[in-house]
Amino acid sequence: MSDSTDEVRAYTVRLELVDEPGELLRALHPIADNGGNLLSIFHERGNLTPRGHIPVEVDLEATPERFDEIVDALRDAGINVIQAGTQHYSESLTIIVSGHIVDTDLSNTLSRIQQSTDATVTDLSLSAPEGTEDVSSARLRLAAEEGKTESTLSTVRSIADEKDLRLIEPLTAGDAA
Amino acid sequence: MRLAVLGAGAVGTAVAELAADYGHTVTALADSSSAVVDADGIDVDAALESKRTDGFVGADSPDAALDGEYDVLVEATPTTLGDAQPGFGHVRTALERDRHVVLANKGPVAERYADVRELERESEGEVLFEATVGGAMPVLSTVADFDSNHITAVRGVLNGTANFILTRMAAEGLDYEHVLAEAQDLGVAEADPTFDVDGTDAALKFVILANVLRGNGREYTLDDAAVEGIEDIPGSALDLATEDGRTVRLIGEVTADGEVRVGPRLVPANGTLAVTGTNNIVQFETEHAGRLNVSGRGAGGPETATAVLADVGRLDE
């Protein structure tokens, strides 16, 4: 990975908004004004944080420098930023699982990986030459947070173990990294 | 040097045959039930002919070889796990007689490394075991040259049978059982390939490496290694790897944290570690010299015998 500061990365920001008209718009201004490119907004209306506020998750693209300015601007505007920047997914990880992956509920396997690790599944290929009721394989590409490769793998390992699936891990050290 | 060779399998036989070429004299050769012993040098060809035709190498008992005249005991009996007997007992006897020991048998240094080193400390003799890791490849001598304190991690492929099977599975799109049968027909896999395909053989070699690298602090045995084999990898897994520019290799590691792991791993299809066929490779991470790769033939009688004879050459007269 390059250390260059003009490289645009994807970030996720979690905000807490007061349930008042115009609050969401007010929270998005500091992002747009500081050169952030909005990717998605997940407004969990109906869900309240322990403090009685509404959680909002914003995905955006920005350079690391601009991202820092965005977070500062949000805070200056009195918006509660719960989590910022820790989730720039930067390490791509390819794994293969084999076994009765369809019978053991592939979509459950995927959502458990999503839920219990700091990674997202970005790509999936399935190969079931003997039909889906026999042994088949799936190749998954995971986007893990920087520095979280090992913990992600260890969680995936235990999910595979529990479902009696064969996991082929990437060699994360050496020239395979 | 006068050599007593215990074990008349592929490696022991090749050591006996090649010894003269390296300026050494074989004073004893033993298999599991018989031996030929002569302090002036045995007739190697006659002993091997006798083994082929009559099933024994000579009229003496194996103990006579162990107790005979020699400077170096070459221990090339089959590797055993747990107490590593009878190989370990042979090492003990030779060291107690202040003789040198050169091992091709992995058992004593994989399962009882501390005991072997303890016996060596009390002996005038020295123990070397280059042949136990990577056949002809200079793996342990590279560690010695670089100094184990300046090597931070080691990884690689140290089982030719498993590597051959994975290479063929990926190239031909065949399943494990088909390729294993083919490997057995070609003589690449043994009739009982269990230790090769379940990762045990590779694990023993990485355990030995771990002992040499971190030998001062901690003793490793096979139980300390996390080992997975290749037996239940379906062809579809190899296909998916190939499709993505990757392949699967049985990779062993001694990590920077001192963990020993062996298992199938995804590696770039054209990367350094994706050696093909029965080839082996070891990759060292060194503190001051970056990455270093050693590759070559990791098994075979004459190949492994050259490593044994290289060790003999390193010993003091």
# chains A, B, ... in the order shown; residues from 1 in each chain; ligands from 1

call {"tool": "closest_atom_pairs", "arguments": {"of": "chain B", "to": "chain A", "cutoff": "12 Å", "atoms": "only C-alpha atoms", "output": "Markdown table"}}
result
| residue | atom | partner | partner_atom | distance |
| --- | --- | --- | --- | --- |
| B:Thr152 | CA | A:Gly174 | CA | 11.6 |
| B:Ala153 | CA | A:Gly174 | CA | 9.3 |
| B:Val154 | CA | A:Gly174 | CA | 9.2 |
| B:Arg155 | CA | A:Gly174 | CA | 8.2 |
| B:Gly156 | CA | A:Gly174 | CA | 9.9 |
| B:Gly173 | CA | A:Pro129 | CA | 11.1 |
| B:Leu174 | CA | A:Pro129 | CA | 11.7 |
| B:Asp175 | CA | A:Pro129 | CA | 11.3 |
| B:Glu228 | CA | A:Ile168 | CA | 10.0 |
| B:Gly229 | CA | A:Arg166 | CA | 10.7 |
| B:Ile230 | CA | A:Ile168 | CA | 9.8 |
| B:Glu231 | CA | A:Arg166 | CA | 10.6 |
| B:Asp232 | CA | A:Arg166 | CA | 7.7 |
| B:Ile233 | CA | A:Ser98 | CA | 7.2 |
| B:Pro234 | CA | A:Ser98 | CA | 7.1 |
| B:Gly235 | CA | A:Ser137 | CA | 8.8 |
| B:Ser236 | CA | A:Ser137 | CA | 5.8 |
| B:Ala237 | CA | A:Ser137 | CA | 5.4 |
| B:Leu238 | CA | A:Ser137 | CA | 9.1 |
| B:Asp239 | CA | A:Ser127 | CA | 8.0 |
| B:Leu240 | CA | A:Arg139 | CA | 6.3 |
| B:Ala241 | CA | A:Arg139 | CA | 7.6 |
| B:Thr242 | CA | A:Arg139 | CA | 10.8 |
| B:Glu243 | CA | A:Ser125 | CA | 9.7 |
| B:Asp244 | CA | A:Arg139 | CA | 8.9 |
| B:Gly245 | CA | A:Thr94 | CA | 11.1 |
| B:Arg246 | CA | A:Pro170 | CA | 9.6 |
| B:Thr247 | CA | A:Pro170 | CA | 9.8 |
| B:Val248 | CA | A:Ile168 | CA | 8.0 |
| B:Arg249 | CA | A:Leu171 | CA | 9.5 |
| B:Leu250 | CA | A:Ile168 | CA | 10.1 |
| B:Ile251 | CA | A:Leu171 | CA | 8.1 |
| B:Gly252 | CA | A:Leu171 | CA | 9.9 |
| B:Glu253 | CA | A:Ala173 | CA | 9.4 |
| B:Val254 | CA | A:Ala173 | CA | 10.9 |
| B:Thr255 | CA | A:Ala173 | CA | 8.8 |
| B:Ala256 | CA | A:Ala173 | CA | 10.1 |
| B:Arg261 | CA | A:Leu171 | CA | 11.0 |
| B:Val262 | CA | A:Leu171 | CA | 10.8 |
| B:Gly263 | CA | A:Ile168 | CA | 8.1 |
| B:Pro264 | CA | A:Ile168 | CA | 5.9 |
| B:Arg265 | CA | A:Glu169 | CA | 5.1 |
| B:Leu266 | CA | A:Pro170 | CA | 4.3 |
| B:Val267 | CA | A:Ala176 | CA | 5.6 |
| B:Pro268 | CA | A:Ala176 | CA | 6.2 |
| B:Ala269 | CA | A:Ala176 | CA | 9.8 |
| B:Asn270 | CA | A:Ala176 | CA | 10.3 |
| B:Gly271 | CA | A:Asp175 | CA | 7.3 |
| B:Thr272 | CA | A:Asp175 | CA | 7.4 |
| B:Leu273 | CA | A:Asp175 | CA | 8.1 |
| B:Ala274 | CA | A:Ala176 | CA | 10.0 |
| B:Val282 | CA | A:Gly174 | CA | 11.4 |
| B:Gln283 | CA | A:Gly174 | CA | 8.3 |
| B:Phe284 | CA | A:Gly174 | CA | 9.2 |
| B:Glu285 | CA | A:Gly174 | CA | 8.1 |
| B:Thr286 | CA | A:Gly174 | CA | 11.6 |
| B:Gly290 | CA | A:Gly174 | CA | 10.8 |
| B:Arg291 | CA | A:Gly174 | CA | 8.5 |
| B:Leu292 | CA | A:Gly174 | CA | 10.8 |
| B:Asn293 | CA | A:Gly174 | CA | 11.1 |

call {"tool": "select_by_dssp", "arguments": {"residues": "stretch 177-299 of chain B", "states": "strand (DSSP E)", "output": "PyMOL selection string"}}
result
chain B and resi 225-227+246-254+260-268+279-286+290-297

call {"tool": "atom_distance", "arguments": {"atom1": "atom CA of A:Gly36", "atom2": "atom CA of A:Val56"}}
result
16.5 Å

call {"tool": "residues_around", "arguments": {"residues": "stretch 300-314 of chain B", "least_positions_apart": "5", "cutoff": "10 Å", "atoms": "only C-alpha atoms", "output": "VMD selection string"}}
result
chain B and resid 1 to 3 9 to 19 21 to 24 71 to 76 100 to 104 127 to 139 141 160 188

call {"tool": "closest_residue", "arguments": {"among": "A:Ile70, A:Ile41, A:Leu93, A:Leu48", "to": "A:Leu25", "atoms": "only C-alpha atoms"}}
result
A:Ile41

call {"tool": "closest_residue", "arguments": {"among": "A:Ala144, A:Leu153, A:Val8, A:Ala27", "to": "A:Gly78", "atoms": "only C-alpha atoms"}}
result
A:Ala27

call {"tool": "residues_around", "arguments": {"residues": "B:Ser123", "least_positions_apart": "4", "cutoff": "7 Å", "atoms": "only C-alpha atoms", "output": "PDB file with N, CA and C atoms, in the first residue's frame"}}
result
ATOM      1  N   LEU B  95      26.899 -41.530  20.653  1.00  0.00           N
ATOM      2  CA  LEU B  95      27.410 -40.366  21.388  1.00  0.00           C
ATOM      3  C   LEU B  95      28.101 -40.799  22.678  1.00  0.00           C
ATOM      4  N   GLU B  96      27.556 -41.807  23.341  1.00  0.00           N
ATOM      5  CA  GLU B  96      28.197 -42.281  24.574  1.00  0.00           C
ATOM      6  C   GLU B  96      29.571 -42.888  24.277  1.00  0.00           C
ATOM      7  N   ASP B  98      31.452 -41.458  22.187  1.00  0.00           N
ATOM      8  CA  ASP B  98      32.147 -40.280  21.666  1.00  0.00           C
ATOM      9  C   ASP B  98      32.336 -40.319  20.156  1.00  0.00           C
ATOM     10  N   LEU B 119      22.642 -35.197  25.193  1.00  0.00           N
ATOM     11  CA  LEU B 119      23.621 -36.265  24.983  1.00  0.00           C
ATOM     12  C   LEU B 119      24.850 -35.736  24.253  1.00  0.00           C
TER      13      LEU B 119
END

call {"tool": "select_by_dssp", "arguments": {"residues": "stretch 2-165 of chain A", "states": "alpha helix (DSSP H)", "output": "number ranges by chain"}}
result
A: 23-33, 64-76, 106-116, 149-162

call {"tool": "atom_distance", "arguments": {"atom1": "atom CA of B:Ile42", "atom2": "atom CA of B:Ala4"}}
result
10.0 Å

call {"tool": "atom_distance", "arguments": {"atom1": "atom CA of B:Ala144", "atom2": "atom CA of B:Phe195"}}
result
27.6 Å

call {"tool": "closest_residue", "arguments": {"among": "A:Thr120, A:Leu165, A:His53, A:Ile159", "to": "A:Ala143", "atoms": "only C-alpha atoms"}}
result
A:Thr120
